[in-house]
$ cat protein.json   # JSON, N, CA and C atoms
[["chain", "number", "residue", "atom", "x", "y", "z"],
["G", 149, "ALA", "N", -8.46, -10.11, -10.85],
["G", 149, "ALA", "CA", -8.79, -9.53, -9.55],
["G", 149, "ALA", "C", -8.14, -8.15, -9.39],
["G", 150, "GLU", "N", -6.90, -8.05, -9.85],
["G", 150, "GLU", "CA", -6.21, -6.76, -9.71],
["G", 150, "GLU", "C", -6.97, -5.65, -10.45],
["G", 151, "ALA", "N", -7.48, -5.95, -11.62],
["G", 151, "ALA", "CA", -8.21, -4.95, -12.40],
["G", 151, "ALA", "C", -9.49, -4.54, -11.68],
["G", 152, "LEU", "N", -10.17, -5.49, -11.07],
["G", 152, "LEU", "CA", -11.40, -5.18, -10.35],
["G", 152, "LEU", "C", -11.14, -4.39, -9.07],
["G", 153, "LEU", "N", -9.93, -4.51, -8.53],
["G", 153, "LEU", "CA", -9.59, -3.81, -7.30],
["G", 153, "LEU", "C", -8.77, -2.55, -7.56],
["G", 154, "ASP", "N", -8.90, -2.00, -8.76],
["G", 154, "ASP", "CA", -8.20, -0.78, -9.12],
["G", 154, "ASP", "C", -8.56, 0.34, -8.15],
["G", 155, "ARG", "N", -7.56, 0.90, -7.49],
["G", 155, "ARG", "CA", -7.79, 1.92, -6.45],
["G", 155, "ARG", "C", -8.54, 3.14, -6.99],
["G", 156, "THR", "N", -8.15, 3.61, -8.16],
["G", 156, "THR", "CA", -8.79, 4.81, -8.71],
["G", 156, "THR", "C", -10.27, 4.56, -8.97],
["G", 157, "SER", "N", -10.59, 3.44, -9.60],
["G", 157, "SER", "CA", -11.99, 3.13, -9.87],
["G", 157, "SER", "C", -12.78, 2.98, -8.58],
["G", 158, "MET", "N", -12.20, 2.28, -7.62],
["G", 158, "MET", "CA", -12.90, 2.09, -6.35],
["G", 158, "MET", "C", -13.15, 3.42, -5.65],
["G", 159, "ARG", "N", -12.17, 4.31, -5.69],
["G", 159, "ARG", "CA", -12.32, 5.63, -5.06],
["G", 159, "ARG", "C", -13.42, 6.43, -5.77],
["G", 160, "GLU", "N", -13.41, 6.40, -7.10],
["G", 160, "GLU", "CA", -14.42, 7.13, -7.88],
["G", 160, "GLU", "C", -15.82, 6.57, -7.65],
["G", 161, "ASP", "N", -15.93, 5.25, -7.56],
["G", 161, "ASP", "CA", -17.24, 4.62, -7.34],
["G", 161, "ASP", "C", -17.80, 4.97, -5.96],
["G", 162, "GLY", "N", -16.93, 5.03, -4.97],
["G", 162, "GLY", "CA", -17.34, 5.46, -3.64],
["G", 162, "GLY", "C", -18.00, 4.41, -2.76],
["G", 163, "TYR", "N", -17.95, 3.16, -3.14],
["G", 163, "TYR", "CA", -18.60, 2.12, -2.34],
["G", 163, "TYR", "C", -17.66, 1.52, -1.30],
["G", 164, "PHE", "N", -16.38, 1.42, -1.62],
["G", 164, "PHE", "CA", -15.41, 0.81, -0.73],
["G", 164, "PHE", "C", -14.23, 1.74, -0.52],
["G", 165, "ASP", "N", -13.59, 1.59, 0.62],
["G", 165, "ASP", "CA", -12.35, 2.33, 0.89],
["G", 165, "ASP", "C", -11.20, 1.53, 0.27],
["G", 166, "PRO", "N", -10.59, 2.06, -0.79],
["G", 166, "PRO", "CA", -9.56, 1.30, -1.48],
["G", 166, "PRO", "C", -8.37, 0.93, -0.59],
["G", 167, "ALA", "N", -8.03, 1.78, 0.37],
["G", 167, "ALA", "CA", -6.90, 1.48, 1.25],
["G", 167, "ALA", "C", -7.18, 0.24, 2.09],
["G", 168, "ILE", "N", -8.38, 0.14, 2.61],
["G", 168, "ILE", "CA", -8.76, -1.02, 3.44],
["G", 168, "ILE", "C", -8.80, -2.28, 2.59],
["G", 169, "VAL", "N", -9.43, -2.18, 1.43],
["G", 169, "VAL", "CA", -9.53, -3.35, 0.55],
["G", 169, "VAL", "C", -8.14, -3.83, 0.14],
["G", 170, "HIS", "N", -7.26, -2.92, -0.21],
["G", 170, "HIS", "CA", -5.92, -3.33, -0.65],
["G", 170, "HIS", "C", -5.09, -3.88, 0.50],
["G", 171, "ARG", "N", -5.30, -3.38, 1.70],
["G", 171, "ARG", "CA", -4.60, -3.96, 2.85],
["G", 171, "ARG", "C", -5.03, -5.41, 3.05],
["G", 172, "ARG", "N", -6.35, -5.64, 2.98],
["G", 172, "ARG", "CA", -6.86, -7.01, 3.10],
["G", 172, "ARG", "C", -6.34, -7.89, 1.97],
["G", 173, "TRP", "N", -6.30, -7.36, 0.75],
["G", 173, "TRP", "CA", -5.82, -8.10, -0.42],
["G", 173, "TRP", "C", -4.36, -8.49, -0.24],
["G", 174, "GLU", "N", -3.53, -7.54, 0.18],
["G", 174, "GLU", "CA", -2.11, -7.81, 0.38],
["G", 174, "GLU", "C", -1.90, -8.83, 1.50],
["G", 175, "ASP", "N", -2.64, -8.70, 2.59],
["G", 175, "ASP", "CA", -2.54, -9.67, 3.68],
["G", 175, "ASP", "C", -2.97, -11.05, 3.21],
["G", 176, "HIS", "N", -4.00, -11.11, 2.39],
["G", 176, "HIS", "CA", -4.49, -12.37, 1.86],
["G", 176, "HIS", "C", -3.44, -13.02, 0.95],
["G", 177, "LEU", "N", -2.88, -12.24, 0.04],
["G", 177, "LEU", "CA", -1.89, -12.78, -0.89],
["G", 177, "LEU", "C", -0.64, -13.26, -0.17],
["G", 178, "SER", "N", -0.27, -12.59, 0.91],
["G", 178, "SER", "CA", 0.94, -12.97, 1.64],
["G", 178, "SER", "C", 0.71, -14.16, 2.57],
["G", 179, "GLY", "N", -0.55, -14.52, 2.79],
["G", 179, "GLY", "CA", -0.86, -15.62, 3.69],
["G", 179, "GLY", "C", -1.03, -15.21, 5.13],
["G", 180, "ARG", "N", -0.94, -13.91, 5.42],
["G", 180, "ARG", "CA", -1.11, -13.44, 6.80],
["G", 180, "ARG", "C", -2.54, -13.57, 7.28],
["G", 181, "ARG", "N", -3.49, -13.54, 6.33],
["G", 181, "ARG", "CA", -4.90, -13.53, 6.70],
["G", 181, "ARG", "C", -5.71, -14.13, 5.56],
["G", 182, "ASP", "N", -6.63, -15.01, 5.89],
["G", 182, "ASP", "CA", -7.52, -15.56, 4.87],
["G", 182, "ASP", "C", -8.77, -14.69, 4.81],
["G", 183, "SER", "N", -8.85, -13.89, 3.76],
["G", 183, "SER", "CA", -9.97, -12.98, 3.59],
["G", 183, "SER", "C", -10.84, -13.38, 2.41],
["G", 184, "THR", "N", -10.86, -14.66, 2.12],
["G", 184, "THR", "CA", -11.59, -15.15, 0.95],
["G", 184, "THR", "C", -13.03, -14.66, 0.89],
["G", 185, "PRO", "N", -13.84, -14.84, 1.94],
["G", 185, "PRO", "CA", -15.26, -14.42, 1.82],
["G", 185, "PRO", "C", -15.42, -12.91, 1.57],
["G", 186, "ALA", "N", -14.68, -12.11, 2.31],
["G", 186, "ALA", "CA", -14.80, -10.65, 2.15],
["G", 186, "ALA", "C", -14.30, -10.20, 0.78],
["G", 187, "LEU", "N", -13.17, -10.72, 0.38],
["G", 187, "LEU", "CA", -12.62, -10.33, -0.91],
["G", 187, "LEU", "C", -13.49, -10.82, -2.06],
["G", 188, "TRP", "N", -14.04, -12.01, -1.93],
["G", 188, "TRP", "CA", -14.93, -12.53, -2.97],
["G", 188, "TRP", "C", -16.14, -11.61, -3.13],
["G", 189, "ALA", "N", -16.69, -11.17, -2.01],
["G", 189, "ALA", "CA", -17.85, -10.27, -2.06],
["G", 189, "ALA", "C", -17.50, -8.96, -2.76],
["G", 190, "VAL", "N", -16.35, -8.39, -2.43],
["G", 190, "VAL", "CA", -15.92, -7.13, -3.06],
["G", 190, "VAL", "C", -15.68, -7.36, -4.55],
["G", 191, "LEU", "N", -15.00, -8.44, -4.89],
["G", 191, "LEU", "CA", -14.73, -8.73, -6.30],
["G", 191, "LEU", "C", -16.01, -8.92, -7.11],
["G", 192, "MET", "N", -16.96, -9.65, -6.57],
["G", 192, "MET", "CA", -18.21, -9.88, -7.29],
["G", 192, "MET", "C", -19.01, -8.58, -7.43],
["G", 193, "PHE", "N", -19.00, -7.75, -6.40],
["G", 193, "PHE", "CA", -19.69, -6.46, -6.50],
["G", 193, "PHE", "C", -19.02, -5.59, -7.56],
["G", 194, "GLN", "N", -17.70, -5.55, -7.55],
["G", 194, "GLN", "CA", -16.98, -4.73, -8.52],
["G", 194, "GLN", "C", -17.22, -5.25, -9.95],
["G", 195, "ALA", "N", -17.27, -6.56, -10.12],
["G", 195, "ALA", "CA", -17.55, -7.13, -11.44],
["G", 195, "ALA", "C", -18.97, -6.76, -11.89],
["G", 196, "TRP", "N", -19.92, -6.85, -10.97],
["G", 196, "TRP", "CA", -21.29, -6.49, -11.29],
["G", 196, "TRP", "C", -21.37, -5.00, -11.65],
["G", 197, "LEU", "N", -20.71, -4.16, -10.86],
["G", 197, "LEU", "CA", -20.74, -2.72, -11.09],
["G", 197, "LEU", "C", -20.12, -2.38, -12.45],
["G", 198, "ARG", "N", -19.02, -3.01, -12.76],
["G", 198, "ARG", "CA", -18.36, -2.77, -14.06],
["G", 198, "ARG", "C", -19.30, -3.14, -15.19],
["G", 199, "ASP", "N", -19.97, -4.29, -15.06],
["G", 199, "ASP", "CA", -20.91, -4.73, -16.08],
["G", 199, "ASP", "C", -22.10, -3.78, -16.18],
["G", 200, "ALA", "N", -22.61, -3.32, -15.04],
["G", 200, "ALA", "CA", -23.76, -2.40, -15.03],
["G", 200, "ALA", "C", -23.41, -1.07, -15.69],
["G", 201, "LYS", "N", -22.18, -0.61, -15.50],
["G", 201, "LYS", "CA", -21.75, 0.66, -16.11],
["G", 201, "LYS", "C", -21.64, 0.53, -17.63],
["G", 202, "GLN", "N", -21.30, -0.66, -18.11],
["G", 202, "GLN", "CA", -21.13, -0.87, -19.54],
["G", 202, "GLN", "C", -22.45, -1.11, -20.27],
["G", 203, "SER", "N", -23.48, -1.41, -19.51],
["G", 203, "SER", "CA", -24.79, -1.69, -20.13],
["G", 203, "SER", "C", -25.54, -0.43, -20.46]]
$ encode --input "protein.json" --output "structure tokens"
Amino acid sequence: AEALLDRTSMREDGYFDPAIVHRRWEDHLSGRRDSTPALWAVLMFQAWLRDAKQS
């Protein structure tokens, strides 16, 4: 998950604001907020995008 949420890659791709995503990720990991659905969507998109770039 950490590799898929790489701030530099996310900034270069331009689809998500890395600061917002990482804030949600940190809150999720700490237990302050359950962001499973949102984070899952971002992770799956990032995985798809990484795969599409390699094809």
$ closest_residue --input "protein.json" --among "G:Asp199, G:Gln194, G:Leu187, G:Asp182" --to "G:Val169" --atoms "all atoms listed in the file"
G:Leu187
$ atom_distance --input "protein.json" --atom1 "atom CA of G:Arg180" --atom2 "atom CA of G:Arg198"
29.1 Å
$ residues_around --input "protein.json" --residues "G:Val190" --least-positions-apart "6" --cutoff "9 Å" --atoms "only C-alpha atoms" --output "count of residues only"
4
$ atom_distance --input "protein.json" --atom1 "atom C of G:Tyr163" --atom2 "atom N of G:Ser178"
22.5 Å
$ atom_distance --input "protein.json" --atom1 "atom C of G:Ala149" --atom2 "atom CA of G:Glu174"
11.5 Å
